[in-house]
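Trainee: work13.txt is reproduced below (compact mmCIF, C-alpha atoms).
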```
# COMPACT_ATOMS: atom_id res chain seq x y z
CA MET A 1 21.82 -24.07 -11.38
CA GLU A 2 18.57 -22.61 -12.76
CA ARG A 3 18.38 -18.86 -12.47
CA GLU A 4 15.60 -17.41 -10.31
CA PRO A 5 12.95 -15.65 -12.46
CA VAL A 6 12.69 -11.88 -12.01
CA PHE A 7 9.75 -9.60 -12.79
CA THR A 8 11.12 -7.26 -15.46
CA ARG A 9 9.93 -3.90 -16.74
CA GLU A 10 8.70 -5.52 -19.97
CA MET A 11 6.41 -7.80 -17.95
CA ARG A 12 4.23 -4.86 -16.91
CA SER A 13 2.45 -5.01 -20.26
CA THR A 14 2.42 -8.80 -20.64
CA HIS A 15 1.92 -10.33 -17.17
CA THR A 16 -0.98 -10.54 -14.72
CA ILE A 17 0.12 -10.30 -11.09
CA LEU A 18 -1.86 -12.53 -8.72
CA ALA A 19 -2.10 -11.20 -5.16
CA PRO A 20 -3.80 -12.33 -1.93
CA ASN A 21 -7.03 -10.54 -1.05
CA MET A 22 -6.54 -9.86 2.66
CA ALA A 23 -8.98 -6.94 3.01
CA PRO A 24 -11.50 -6.93 0.11
CA ILE A 25 -12.39 -3.23 0.13
CA GLN A 26 -8.94 -1.79 0.79
CA PHE A 27 -7.09 -4.22 -1.48
CA ALA A 28 -9.51 -3.69 -4.37
CA LEU A 29 -8.81 0.05 -4.22
CA LEU A 30 -5.06 -0.61 -3.98
CA ARG A 31 -5.37 -2.83 -7.07
CA ASP A 32 -7.03 0.08 -8.89
CA VAL A 33 -4.11 2.30 -7.91
CA LEU A 34 -1.61 -0.23 -9.28
CA GLU A 35 -3.56 -0.30 -12.54
CA THR A 36 -3.08 3.47 -12.85
CA GLU A 37 0.66 2.77 -12.61
CA GLY A 38 0.54 0.32 -15.51
CA TYR A 39 0.26 -3.02 -13.69
CA SER A 40 -2.39 -5.69 -14.23
CA VAL A 41 -3.34 -7.17 -10.85
CA GLU A 42 -5.90 -9.82 -9.92
CA LEU A 43 -6.91 -10.45 -6.31
CA LEU A 44 -7.34 -14.14 -5.53
CA THR A 45 -10.69 -15.30 -4.17
CA ASN A 46 -10.37 -19.09 -4.53
CA GLU A 47 -11.23 -20.91 -1.32
CA GLY A 48 -11.96 -24.45 -0.16
CA PRO A 49 -10.22 -27.31 1.67
CA GLN A 50 -7.81 -27.76 -1.24
CA VAL A 51 -6.21 -24.39 -0.42
CA VAL A 52 -5.23 -25.62 3.05
CA GLU A 53 -4.21 -29.03 1.68
CA LYS A 54 -1.87 -27.48 -0.89
CA GLY A 55 -0.47 -25.15 1.74
CA LEU A 56 0.28 -28.10 4.00
CA LYS A 57 1.80 -30.00 1.07
CA HIS A 58 4.24 -27.28 0.08
CA VAL A 59 4.85 -25.42 3.37
CA HIS A 60 6.09 -26.89 6.66
CA ASN A 61 3.16 -27.28 9.07
CA ASP A 62 5.02 -25.33 11.77
CA THR A 63 4.93 -22.27 9.54
CA CYS A 64 2.64 -19.35 10.33
CA TYR A 65 -0.94 -20.15 9.27
CA PRO A 66 -1.34 -16.98 7.14
CA ALA A 67 1.72 -18.02 5.09
CA LEU A 68 0.31 -21.52 4.66
CA LEU A 69 -3.02 -20.09 3.44
CA VAL A 70 -1.56 -17.46 1.11
CA ILE A 71 0.89 -19.88 -0.48
CA GLY A 72 -1.72 -22.64 -0.70
CA GLN A 73 -4.13 -20.21 -2.39
CA MET A 74 -1.50 -19.19 -4.93
CA ILE A 75 -0.52 -22.78 -5.77
CA ASP A 76 -4.23 -23.65 -6.09
CA ALA A 77 -4.73 -20.72 -8.49
CA LEU A 78 -1.81 -21.83 -10.65
CA ASP A 79 -3.15 -25.40 -10.63
CA SER A 80 -6.60 -24.24 -11.78
CA GLY A 81 -5.63 -23.86 -15.45
CA LYS A 82 -7.23 -20.42 -15.47
CA TYR A 83 -3.96 -18.56 -16.06
CA ASP A 84 -1.32 -18.47 -18.79
CA LEU A 85 1.70 -19.52 -16.73
CA ASP A 86 4.07 -17.79 -19.15
CA ARG A 87 2.32 -14.49 -18.45
CA THR A 88 1.65 -14.78 -14.73
CA ALA A 89 3.51 -13.40 -11.70
CA LEU A 90 2.78 -13.50 -7.97
CA ALA A 91 2.92 -10.69 -5.40
CA ILE A 92 3.41 -11.03 -1.66
CA THR A 93 4.08 -8.53 1.12
CA GLN A 94 7.08 -8.44 3.45
CA THR A 95 7.03 -6.47 6.69
CA GLY A 96 10.78 -6.40 7.19
CA GLY A 97 10.36 -6.88 10.95
CA GLY A 98 11.10 -9.77 13.28
CA CYS A 99 7.85 -11.55 12.40
CA ARG A 100 7.96 -14.64 10.19
CA ALA A 101 6.00 -12.61 7.61
CA SER A 102 9.35 -11.26 6.39
CA ASN A 103 10.20 -14.78 5.18
CA TYR A 104 6.98 -15.48 3.28
CA ILE A 105 8.57 -14.67 -0.07
CA HIS A 106 11.32 -17.26 0.42
CA LEU A 107 8.77 -19.87 1.52
CA LEU A 108 6.69 -19.07 -1.57
CA LYS A 109 9.65 -19.39 -3.94
CA LYS A 110 10.57 -22.75 -2.42
CA ALA A 111 6.93 -23.92 -2.66
CA LEU A 112 6.78 -22.88 -6.34
CA ILE A 113 9.82 -25.02 -7.11
CA ASN A 114 8.32 -27.98 -5.25
CA ALA A 115 5.03 -27.57 -7.14
CA GLY A 116 6.73 -27.37 -10.53
CA TYR A 117 6.28 -23.62 -11.07
CA SER A 118 9.89 -22.50 -10.82
CA GLY A 119 9.46 -20.14 -13.79
CA ILE A 120 6.87 -17.92 -12.10
CA PRO A 121 8.38 -14.57 -10.97
CA VAL A 122 7.52 -13.29 -7.49
CA VAL A 123 7.13 -9.59 -6.69
CA SER A 124 7.93 -8.40 -3.17
CA LEU A 125 5.76 -5.58 -1.80
CA ASN A 126 7.81 -3.92 0.92
CA LEU A 127 9.15 -0.52 1.93
CA LYS A 128 12.56 -1.69 3.15
CA GLY A 129 14.35 -2.44 -0.10
CA MET A 130 14.21 -6.23 0.24
CA ASP A 131 14.06 -8.57 -2.76
CA LYS A 132 14.08 -5.83 -5.37
CA ASN A 133 12.60 -6.44 -8.81
CA SER A 134 13.83 -4.51 -11.84
CA GLY A 135 10.31 -4.20 -13.23
CA PHE A 136 8.47 -3.34 -10.03
CA SER A 137 9.31 -0.44 -7.77
CA ILE A 138 7.29 1.47 -5.21
CA THR A 139 7.43 5.11 -6.31
CA TYR A 140 6.37 8.27 -4.47
CA SER A 141 3.35 8.54 -6.79
CA MET A 142 2.33 4.97 -5.99
CA LEU A 143 2.73 5.55 -2.24
CA ARG A 144 0.69 8.76 -2.28
CA LYS A 145 -2.10 7.12 -4.25
CA GLY A 146 -1.92 3.96 -2.13
CA VAL A 147 -2.32 5.93 1.10
CA ALA A 148 -5.41 7.67 -0.31
CA ALA A 149 -6.83 4.29 -1.34
CA LEU A 150 -6.31 2.94 2.19
CA VAL A 151 -8.05 5.96 3.71
CA TYR A 152 -11.05 5.50 1.40
CA GLY A 153 -11.06 1.74 2.02
CA ASP A 154 -10.92 2.07 5.80
CA THR A 155 -13.74 4.62 5.67
CA LEU A 156 -15.96 2.38 3.56
CA MET A 157 -15.27 -0.58 5.86
CA LEU A 158 -16.14 1.51 8.91
CA LEU A 159 -19.40 2.77 7.40
CA LYS A 160 -20.37 -0.67 6.13
CA HIS A 161 -20.01 -2.24 9.56
CA GLN A 162 -22.02 0.51 11.25
CA CYS A 163 -24.92 0.30 8.81
CA GLN A 164 -25.29 -3.30 7.65
CA VAL A 165 -26.75 -4.84 10.82
CA TYR A 166 -29.34 -2.04 11.10
CA GLU A 167 -30.41 -1.77 7.45
CA ILE A 168 -34.13 -2.22 6.77
CA HIS A 169 -33.63 -3.16 3.11
CA PRO A 170 -31.19 -6.12 2.98
CA GLY A 171 -28.22 -5.59 0.67
CA GLU A 172 -28.49 -1.80 0.54
CA THR A 173 -25.24 -1.26 2.46
CA VAL A 174 -23.26 -3.64 0.25
CA ARG A 175 -24.65 -1.92 -2.83
CA LYS A 176 -23.49 1.44 -1.48
CA VAL A 177 -20.00 0.02 -0.90
CA SER A 178 -19.86 -1.33 -4.46
CA LYS A 179 -21.12 2.00 -5.83
CA TRP A 180 -18.40 3.95 -4.05
CA MET A 181 -15.65 1.51 -5.00
CA SER A 182 -16.65 1.87 -8.64
CA HIS A 183 -16.83 5.65 -8.26
CA MET A 184 -13.36 5.83 -6.71
CA LYS A 185 -11.89 3.60 -9.43
CA LYS A 186 -13.22 5.99 -12.08
CA GLN A 187 -11.63 8.91 -10.24
CA PHE A 188 -8.31 7.08 -9.91
CA MET A 189 -8.22 6.28 -13.63
CA LYS A 190 -8.60 10.01 -14.33
CA GLY A 191 -5.82 10.86 -11.89
CA ARG A 192 -8.27 12.31 -9.38
CA GLY A 193 -9.19 11.63 -5.76
CA PHE A 194 -5.72 11.93 -4.26
CA ARG A 195 -5.52 15.56 -3.16
CA ILE A 196 -6.48 16.38 0.43
CA LYS A 197 -9.25 18.76 -0.59
CA THR A 198 -10.76 16.15 -2.93
CA MET A 199 -10.40 13.43 -0.30
CA ARG A 200 -12.33 15.47 2.23
CA ARG A 201 -15.10 16.09 -0.31
CA ASN A 202 -15.30 12.39 -1.22
CA ILE A 203 -15.31 11.21 2.40
CA ARG A 204 -18.00 13.74 3.33
CA ALA A 205 -20.16 12.47 0.46
CA MET A 206 -19.57 8.85 1.51
CA VAL A 207 -20.66 9.54 5.08
CA LYS A 208 -23.83 11.35 3.97
CA ASP A 209 -24.67 8.57 1.52
CA PHE A 210 -24.41 5.87 4.21
CA GLU A 211 -26.32 8.02 6.67
CA ALA A 212 -29.20 8.01 4.18
CA ILE A 213 -29.57 4.22 4.43
CA GLU A 214 -32.88 3.46 6.14
CA LYS A 215 -32.08 1.78 9.47
CA ASP A 216 -33.80 0.30 12.49
CA TYR A 217 -31.79 1.28 15.57
CA GLU A 218 -34.29 -0.44 17.88
CA ARG A 219 -32.95 -3.87 16.97
CA PRO A 220 -31.19 -5.75 19.78
CA VAL A 221 -27.57 -5.65 18.62
CA VAL A 222 -24.30 -6.67 20.28
CA LYS A 223 -21.25 -4.50 19.55
CA VAL A 224 -18.19 -6.61 18.77
CA GLY A 225 -14.64 -5.51 18.02
CA ILE A 226 -12.14 -7.60 16.06
CA VAL A 227 -8.39 -7.39 16.61
CA GLY A 228 -5.48 -9.75 16.10
CA GLU A 229 -2.80 -10.71 13.60
CA ILE A 230 -3.32 -8.50 10.56
CA TYR A 231 -4.17 -11.27 8.06
CA MET A 232 -6.51 -13.07 10.45
CA LYS A 233 -8.19 -9.82 11.41
CA TYR A 234 -9.28 -8.96 7.87
CA SER A 235 -9.16 -12.09 5.70
CA SER A 236 -12.33 -14.15 5.35
CA LEU A 237 -10.17 -17.03 4.13
CA GLY A 238 -8.10 -16.82 7.31
CA ASN A 239 -10.87 -16.27 9.88
CA ASN A 240 -13.55 -18.52 8.32
CA HIS A 241 -15.77 -15.60 7.26
CA LEU A 242 -15.90 -14.18 10.77
CA GLU A 243 -17.64 -10.95 9.71
CA ASP A 244 -20.45 -12.85 7.97
CA PHE A 245 -20.93 -15.04 11.05
CA LEU A 246 -21.11 -12.05 13.39
CA LEU A 247 -23.60 -10.31 11.10
CA SER A 248 -25.77 -13.45 11.20
CA GLN A 249 -25.68 -13.16 15.02
CA SER A 250 -26.96 -9.54 14.94
CA CYS A 251 -23.62 -7.93 15.76
CA GLU A 252 -22.37 -4.46 14.90
CA ILE A 253 -18.71 -4.90 14.05
CA MET A 254 -15.77 -2.56 14.57
CA ILE A 255 -12.39 -3.44 13.03
CA PRO A 256 -9.53 -0.93 13.33
CA GLY A 257 -8.38 0.23 9.89
CA ILE A 258 -5.20 -0.73 8.02
CA MET A 259 -4.02 2.89 8.32
CA GLY A 260 -3.50 2.23 12.04
CA PHE A 261 -1.10 -0.59 11.22
CA LEU A 262 0.76 1.63 8.76
CA LEU A 263 1.07 4.35 11.41
CA TYR A 264 2.20 1.71 13.90
CA GLY A 265 5.10 0.75 11.63
CA ILE A 266 6.13 4.39 11.25
CA GLU A 267 5.78 5.09 14.98
CA ASN A 268 8.02 2.12 15.75
CA GLN A 269 10.84 3.67 13.72
CA ILE A 270 10.52 6.85 15.81
CA ILE A 271 10.41 4.78 19.01
CA ASP A 272 13.57 2.91 17.94
CA VAL A 273 15.53 6.16 17.73
CA ASN A 274 14.14 7.32 21.08
CA LEU A 275 15.00 4.04 22.83
CA TYR A 276 18.22 2.96 21.16
CA GLY A 277 19.58 6.02 19.38
CA GLY A 278 20.17 6.36 15.66
CA SER A 279 19.63 8.81 12.84
CA ILE A 280 17.90 12.03 13.86
CA ALA A 281 17.22 12.70 10.17
CA ARG A 282 15.36 9.40 9.91
CA LYS A 283 13.31 10.31 12.97
CA LEU A 284 12.40 13.69 11.46
CA ILE A 285 11.35 12.07 8.18
CA MET A 286 9.22 9.47 9.95
CA THR A 287 7.67 12.17 12.15
CA THR A 288 6.76 14.20 9.06
CA ILE A 289 5.15 11.16 7.41
CA ARG A 290 3.29 10.30 10.61
CA ASN A 291 1.95 13.85 10.89
CA PHE A 292 0.74 13.77 7.28
CA LEU A 293 -1.03 10.44 7.77
CA THR A 294 -2.65 11.56 11.02
CA ARG A 295 -3.88 14.64 9.13
CA LEU A 296 -5.67 12.33 6.69
CA GLU A 297 -6.94 10.27 9.61
CA GLY A 298 -8.31 13.49 11.13
CA ILE A 299 -10.42 14.16 8.03
CA VAL A 300 -12.19 10.80 8.43
CA ILE A 301 -12.70 11.33 12.16
CA GLU A 302 -14.07 14.84 11.61
CA GLU A 303 -16.53 13.86 8.88
CA VAL A 304 -17.79 10.69 10.61
CA SER A 305 -18.18 12.57 13.91
CA LYS A 306 -20.74 14.87 12.29
CA ILE A 307 -23.26 12.00 12.28
CA GLU A 308 -24.51 11.33 15.79
CA ARG A 309 -25.20 7.62 15.22
CA PHE A 310 -21.78 6.87 13.71
CA THR A 311 -18.71 6.01 15.79
CA PRO A 312 -15.54 7.62 14.37
CA PRO A 313 -12.19 5.83 14.34
CA ILE A 314 -10.02 6.27 17.42
CA PRO A 315 -7.16 8.73 16.71
CA PHE A 316 -3.83 6.91 16.42
CA LYS A 317 -2.24 9.12 19.07
CA GLU A 318 -4.90 7.84 21.50
CA SER A 319 -3.94 4.26 20.60
CA VAL A 320 -0.34 5.04 21.51
CA LYS A 321 -1.42 6.51 24.87
CA SER A 322 -3.76 3.58 25.56
CA ALA A 323 -1.03 1.05 24.83
CA GLU A 324 1.76 2.63 26.86
CA GLN A 325 -0.45 2.68 29.98
CA THR A 326 -0.47 -1.14 29.91
CA ILE A 327 2.46 -2.44 27.83
CA SER A 328 5.91 -1.22 26.87
CA LEU A 329 6.15 0.42 23.45
CA SER A 330 9.34 -1.58 22.94
CA CYS A 331 7.09 -4.64 22.46
CA LYS A 332 6.78 -4.32 18.69
CA MET A 333 7.18 -7.75 17.09
CA GLY A 334 4.17 -8.53 14.90
CA GLU A 335 1.24 -6.36 15.98
CA GLY A 336 2.99 -5.77 19.33
CA TRP A 337 1.75 -2.92 21.50
CA LEU A 338 -0.79 -1.85 18.87
CA LEU A 339 -2.83 -4.99 19.56
CA THR A 340 -3.17 -4.11 23.24
CA GLY A 341 -3.91 -0.48 22.41
CA GLU A 342 -6.63 -1.43 19.91
CA MET A 343 -8.40 -3.63 22.48
CA LYS A 344 -8.48 -0.74 24.95
CA ASP A 345 -9.63 1.69 22.26
CA LEU A 346 -12.48 -0.60 21.20
CA SER A 347 -13.66 -0.96 24.78
CA HIS A 348 -13.59 2.82 25.28
CA ALA A 349 -15.65 3.23 22.09
CA GLY A 350 -18.37 0.90 23.41
CA PHE A 351 -17.16 -2.28 21.69
CA ASN A 352 -16.09 -4.06 24.87
CA ASN A 353 -16.88 -7.51 23.43
CA ILE A 354 -13.66 -8.30 21.57
CA ILE A 355 -12.50 -11.20 19.43
CA CYS A 356 -8.72 -11.58 19.22
CA ALA A 357 -8.08 -13.58 16.03
CA GLN A 358 -4.65 -15.17 16.05
CA PRO A 359 -2.80 -17.90 14.16
CA PHE A 360 -1.99 -20.74 16.53
CA GLY A 361 1.65 -20.49 17.56
CA CYS A 362 2.04 -16.81 16.61
CA LEU A 363 4.25 -15.80 19.54
CA PRO A 364 3.91 -11.99 19.19
CA ASN A 365 0.12 -12.26 19.13
CA HIS A 366 -0.06 -14.68 22.03
CA ILE A 367 2.02 -12.25 24.12
CA ALA A 368 0.50 -8.91 23.10
CA GLY A 369 -3.03 -10.28 22.64
CA LYS A 370 -3.91 -13.32 24.73
CA GLY A 371 -1.15 -12.56 27.22
CA MET A 372 -2.57 -9.10 27.97
CA MET A 373 -6.13 -10.22 28.70
CA LYS A 374 -5.69 -10.36 32.48
CA ALA A 375 -4.07 -6.92 32.60
CA LEU A 376 -6.87 -5.44 30.48
CA LYS A 377 -9.58 -7.07 32.60
CA ASP A 378 -7.91 -5.78 35.76
CA GLU A 379 -8.14 -2.26 34.31
CA ASP A 380 -11.66 -2.70 32.93
CA PRO A 381 -13.81 -5.50 34.46
CA ASN A 382 -16.47 -4.97 31.75
CA ILE A 383 -14.16 -5.92 28.89
CA ASN A 384 -15.16 -9.28 27.40
CA ILE A 385 -12.32 -10.76 25.31
CA VAL A 386 -12.21 -14.16 23.63
CA PRO A 387 -9.03 -15.29 21.82
CA ILE A 388 -9.72 -17.50 18.81
CA ASP A 389 -6.91 -19.63 17.38
CA TYR A 390 -6.89 -20.41 13.66
CA ASP A 391 -4.83 -23.25 12.19
CA PRO A 392 -5.34 -26.22 9.82
CA GLY A 393 -6.56 -28.44 12.66
CA ALA A 394 -9.06 -25.99 14.19
CA THR A 395 -12.70 -26.54 13.24
CA ARG A 396 -15.03 -23.72 12.30
CA VAL A 397 -17.74 -25.18 14.57
CA ASN A 398 -15.52 -24.97 17.67
CA GLN A 399 -14.45 -21.43 16.81
CA GLU A 400 -18.03 -20.25 16.33
CA ASN A 401 -19.20 -22.00 19.51
CA ARG A 402 -16.60 -20.10 21.52
CA ILE A 403 -17.77 -16.85 19.95
CA LYS A 404 -21.41 -17.73 20.70
CA LEU A 405 -20.50 -18.17 24.35
CA MET A 406 -18.96 -14.69 24.37
CA LEU A 407 -22.09 -13.29 22.67
CA ALA A 408 -24.33 -15.01 25.23
CA ILE A 409 -22.48 -13.19 28.02
CA ALA A 410 -22.69 -9.94 26.04
CA ASN A 411 -26.46 -10.34 25.57
CA GLU A 412 -26.96 -10.95 29.30
CA GLN A 413 -25.06 -7.73 30.04
CA ARG A 414 -27.09 -5.85 27.40
CA ILE A 415 -30.41 -7.01 28.89
CA GLU A 416 -29.24 -6.01 32.38
CA ARG A 417 -28.37 -2.52 31.09
CA VAL A 418 -31.80 -2.17 29.43
CA LEU A 419 -33.57 -3.20 32.65
CA ARG A 420 -31.51 -0.74 34.70
CA GLN A 421 -32.36 2.05 32.27
CA LYS A 422 -36.09 1.24 32.52
CA LYS A 423 -35.95 1.31 36.33
CA ARG A 424 -34.23 4.70 36.29
CA LYS A 425 -36.93 6.09 33.98
CA GLN A 426 -39.65 4.80 36.32
```
Please, can you express the file's structure as C-alpha cells?

Mentor:
Amino acid sequence: MEREPVFTREMRSTHTILAPNMAPIQFALLRDVLETEGYSVELLTNEGPQVVEKGLKHVHNDTCYPALLVIGQMIDALDSGKYDLDRTALAITQTGGGCRASNYIHLLKKALINAGYSGIPVVSLNLKGMDKNSGFSITYSMLRKGVAALVYGDTLMLLKHQCQVYEIHPGETVRKVSKWMSHMKKQFMKGRGFRIKTMRRNIRAMVKDFEAIEKDYERPVVKVGIVGEIYMKYSSLGNNHLEDFLLSQSCEIMIPGIMGFLLYGIENQIIDVNLYGGSIARKLIMTTIRNFLTRLEGIVIEEVSKIERFTPPIPFKESVKSAEQTISLSCKMGEGWLLTGEMKDLSHAGFNNIICAQPFGCLPNHIAGKGMMKALKDEDPNINIVPIDYDPGATRVNQENRIKLMLAIANEQRIERVLRQKKRKQ
C-alpha cells in the first residue's frame, strides 16, 4: 500500500503551499505572516465553471458546497500546469467541531488520489492537534502574529465597506486597502506590527487615512449586512461575488469580522465547561485568551468610534448577550448561536437588511440562520432577512433576483423614512 505523503521540515524551503482564498484581505495578511515563519504560500484565485465541475467529479455531490468548491479549485490549480507538482503542497483548515468541515482534509486526500495526484502532501491548519505534519506546526509566535493579521484584516475590510459606496473618486478605497496591505507586509517582514502599542498606532492611522477619502454621503444607499456559513460569507467564489453585486446596487455592506468567529470558538470551550463540566484549568486558559482577544477588539472599536460617520464593530460580549436572548448557547454546531447573534447585532447597528448566505443542505446554518428568522422578526418587525442558498445547481440570476427583491423592500422603507423626516422638519 502506497504511503501517504507528509509535509516535512525540509519542504519549507522547497515547496509552495497552495491555499484557498476565503477572505482576500485577511488571508493575504495571514499569508504574509506565514512567510515570516519560513513558508512559501500562494492563495488560489482560479475561478470558472471548471472549478465546480472538478469538485463534482471528485467529491460526492451530497458533500458541503464549500468543500466541493475548495477541492475543485485545488484540483483545477494542479491541472493547470502552472505548478511543479514535485514541489507543491496543499493547505486546508479543519475546525475540529461537529461540522463536516472537520472532514475536508480526508475528502481532499481521497480526491487527490482519484485525480492522479497521490504524491501531493496536504497540510492541516487546525488548533486541535489533528492530522499533524512533521514540517508544519502552529507555534505561539505564529498564533500571535496571525491574530494581529486578522485584526488588521478585519479593520481594513470594515473601513473598505464603509467608504467604497460613498467615494467620489472611483477606486480610491481599493487603492487605500492595497497601500495598507503592502505597508503591513513590510512591517511583518521586519518583525514589527505585532505589539499592542504598535497595533493601536497602525489602526489609528488606518482609520484616519480612510476618513480622508472624499465621500458623498447624500447618495441614496441601502445598508446591508451579510452573515452565514463562514466560507459563503466571505468567499467571492462561494457567494458569486456577492459584495461586488451589492456595491453595484448602491449598498453599504457590513460583514462581521473573522475575529468574531475565532472568539466564538473560544467561548464555546468555556460554555462546554459551564454546561457539562470539565477542566477548570482549560476554562481559565480559554478565558485568558478570550480576554486578550477582546482587548485587541476594543482597540479597533475605540479608534473607529472616534469618527462620527464610521460604524464600529459590535463588541463580542454584546453578540453573546444578543444570541442568548433568542437561542441557547448550547447550539454551537457550525456557526451556531453566533449566526443568530450577528443578525441581531447588525440590525441594532442599522443594517437591518440582512443576507444569510448558506450552502444548501448545511443543517447547522439552516437551523441557526433560516430557522431563526421568525423569532428574530417577532422581536424586531423591521428586520428584513433573506436566506440565499448556494450549491452547484443554483443559478446566479435567481440568487441576485431574490436579493433585488429584498433591496426593493429596503428602498421603499428608506423613502418612507425620508418622507417622515421631511414632514417632521416642516

Trainee: Neighbouring residues of range 326-331 of chain A were defined as those with any atom within 10 Å, considering all atoms listed in the file; residues of the same chain fewer than 6 positions away were excluded. Please report them as a PDB file with C-alpha atoms, in the frame of the given file.

Mentor:
```
ATOM      1  CA  GLU A 267       5.780   5.090  14.980  1.00  0.00           C
ATOM      2  CA  ASN A 268       8.020   2.120  15.750  1.00  0.00           C
ATOM      3  CA  ILE A 271      10.410   4.780  19.010  1.00  0.00           C
ATOM      4  CA  ASP A 272      13.570   2.910  17.940  1.00  0.00           C
ATOM      5  CA  LEU A 275      15.000   4.040  22.830  1.00  0.00           C
ATOM      6  CA  VAL A 320      -0.340   5.040  21.510  1.00  0.00           C
ATOM      7  CA  TRP A 337       1.750  -2.920  21.500  1.00  0.00           C
ATOM      8  CA  LEU A 338      -0.790  -1.850  18.870  1.00  0.00           C
ATOM      9  CA  THR A 340      -3.170  -4.110  23.240  1.00  0.00           C
ATOM     10  CA  GLY A 341      -3.910  -0.480  22.410  1.00  0.00           C
ATOM     11  CA  LYS A 344      -8.480  -0.740  24.950  1.00  0.00           C
ATOM     12  CA  PRO A 364       3.910 -11.990  19.190  1.00  0.00           C
ATOM     13  CA  ILE A 367       2.020 -12.250  24.120  1.00  0.00           C
ATOM     14  CA  ALA A 368       0.500  -8.910  23.100  1.00  0.00           C
ATOM     15  CA  MET A 372      -2.570  -9.100  27.970  1.00  0.00           C
ATOM     16  CA  ALA A 375      -4.070  -6.920  32.600  1.00  0.00           C
ATOM     17  CA  LEU A 376      -6.870  -5.440  30.480  1.00  0.00           C
ATOM     18  CA  GLU A 379      -8.140  -2.260  34.310  1.00  0.00           C
TER      19      GLU A 379
END
```

Trainee: Using only C-alpha atoms for the distances, tell me which of A:Asn202, A:Ser141, A:Gln249, A:Thr16 is nearest to Val122 in chain A.

Mentor: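 Among the listed residues, A:Thr16 lies closest to Val122 in chain A.
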
Trainee: Select, from A:Glu243, A:Glu318, A:Asp154, A:Glu53, the residue with the minimum atom-to-atom distance to Leu296 in chain A, counting all atoms listed in the file.

Mentor: A:Asp154

Trainee: Need the shell around Tyr83 in chain A: protein/DNA/RNA residues with any atom at most 12 Å away, counting all atoms listed in the file. Skip same-chain ones fewer than 6 positions apart. Format as a JSON list (two decimals) with C-alpha atoms, keeping the file's coordinate frame?

Mentor:
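Below you can see out-v9.json, which holds the result:
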```json
[["chain", "number", "residue", "atom", "x", "y", "z"],
["A", 15, "HIS", "CA", 1.92, -10.33, -17.17],
["A", 16, "THR", "CA", -0.98, -10.54, -14.72],
["A", 17, "ILE", "CA", 0.12, -10.30, -11.09],
["A", 18, "LEU", "CA", -1.86, -12.53, -8.72],
["A", 42, "GLU", "CA", -5.90, -9.82, -9.92],
["A", 44, "LEU", "CA", -7.34, -14.14, -5.53],
["A", 74, "MET", "CA", -1.50, -19.19, -4.93],
["A", 75, "ILE", "CA", -0.52, -22.78, -5.77],
["A", 76, "ASP", "CA", -4.23, -23.65, -6.09],
["A", 77, "ALA", "CA", -4.73, -20.72, -8.49],
["A", 89, "ALA", "CA", 3.51, -13.40, -11.70],
["A", 90, "LEU", "CA", 2.78, -13.50, -7.97],
["A", 120, "ILE", "CA", 6.87, -17.92, -12.10]]
```

Trainee: Can you tell me how far CA of Ala357 in chain A sits from CA of Ser305 in chain A, in Å to one decimal?

Mentor: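 Separation between CA of Ala357 in chain A and CA of Ser305 in chain A: 28.1 Å.
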
Trainee: Between A:Phe310, A:Phe7, A:Tyr104, A:Phe316, which is the closest to Val123 in chain A once you count all atoms listed in the file?

Mentor: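 With all atoms listed in the file as the atom set, the closest residue is A:Phe7.
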
Trainee: Can you complete the atoms of range 333-344 of chain A to N, CA and C atoms and list them as a PDB file, in the frame of the given file?

Mentor:
```
ATOM      1  N   MET A 333       7.178  -6.665  18.065  1.00  0.00           N
ATOM      2  CA  MET A 333       7.180  -7.750  17.090  1.00  0.00           C
ATOM      3  C   MET A 333       5.733  -8.035  16.655  1.00  0.00           C
ATOM      4  N   GLY A 334       5.523  -8.314  15.388  1.00  0.00           N
ATOM      5  CA  GLY A 334       4.170  -8.530  14.900  1.00  0.00           C
ATOM      6  C   GLY A 334       3.313  -7.293  15.115  1.00  0.00           C
ATOM      7  N   GLU A 335       2.136  -7.483  15.688  1.00  0.00           N
ATOM      8  CA  GLU A 335       1.240  -6.360  15.980  1.00  0.00           C
ATOM      9  C   GLU A 335       1.589  -5.686  17.295  1.00  0.00           C
ATOM     10  N   GLY A 336       2.417  -6.352  18.127  1.00  0.00           N
ATOM     11  CA  GLY A 336       2.990  -5.770  19.330  1.00  0.00           C
ATOM     12  C   GLY A 336       2.032  -4.947  20.168  1.00  0.00           C
ATOM     13  N   TRP A 337       2.527  -3.786  20.599  1.00  0.00           N
ATOM     14  CA  TRP A 337       1.750  -2.920  21.500  1.00  0.00           C
ATOM     15  C   TRP A 337       0.461  -2.390  20.862  1.00  0.00           C
ATOM     16  N   LEU A 338       0.423  -2.340  19.528  1.00  0.00           N
ATOM     17  CA  LEU A 338      -0.790  -1.850  18.870  1.00  0.00           C
ATOM     18  C   LEU A 338      -1.980  -2.744  19.181  1.00  0.00           C
ATOM     19  N   LEU A 339      -1.757  -4.047  19.280  1.00  0.00           N
ATOM     20  CA  LEU A 339      -2.830  -4.990  19.560  1.00  0.00           C
ATOM     21  C   LEU A 339      -3.475  -4.697  20.918  1.00  0.00           C
ATOM     22  N   THR A 340      -2.648  -4.466  21.916  1.00  0.00           N
ATOM     23  CA  THR A 340      -3.170  -4.110  23.240  1.00  0.00           C
ATOM     24  C   THR A 340      -3.889  -2.769  23.199  1.00  0.00           C
ATOM     25  N   GLY A 341      -3.292  -1.799  22.519  1.00  0.00           N
ATOM     26  CA  GLY A 341      -3.910  -0.480  22.410  1.00  0.00           C
ATOM     27  C   GLY A 341      -5.254  -0.526  21.705  1.00  0.00           C
ATOM     28  N   GLU A 342      -5.367  -1.339  20.648  1.00  0.00           N
ATOM     29  CA  GLU A 342      -6.630  -1.430  19.910  1.00  0.00           C
ATOM     30  C   GLU A 342      -7.725  -2.043  20.772  1.00  0.00           C
ATOM     31  N   MET A 343      -7.382  -3.024  21.605  1.00  0.00           N
ATOM     32  CA  MET A 343      -8.400  -3.630  22.480  1.00  0.00           C
ATOM     33  C   MET A 343      -8.927  -2.594  23.470  1.00  0.00           C
ATOM     34  N   LYS A 344      -8.037  -1.785  24.027  1.00  0.00           N
ATOM     35  CA  LYS A 344      -8.480  -0.740  24.950  1.00  0.00           C
ATOM     36  C   LYS A 344      -9.313   0.311  24.234  1.00  0.00           C
TER      37      LYS A 344
END
```
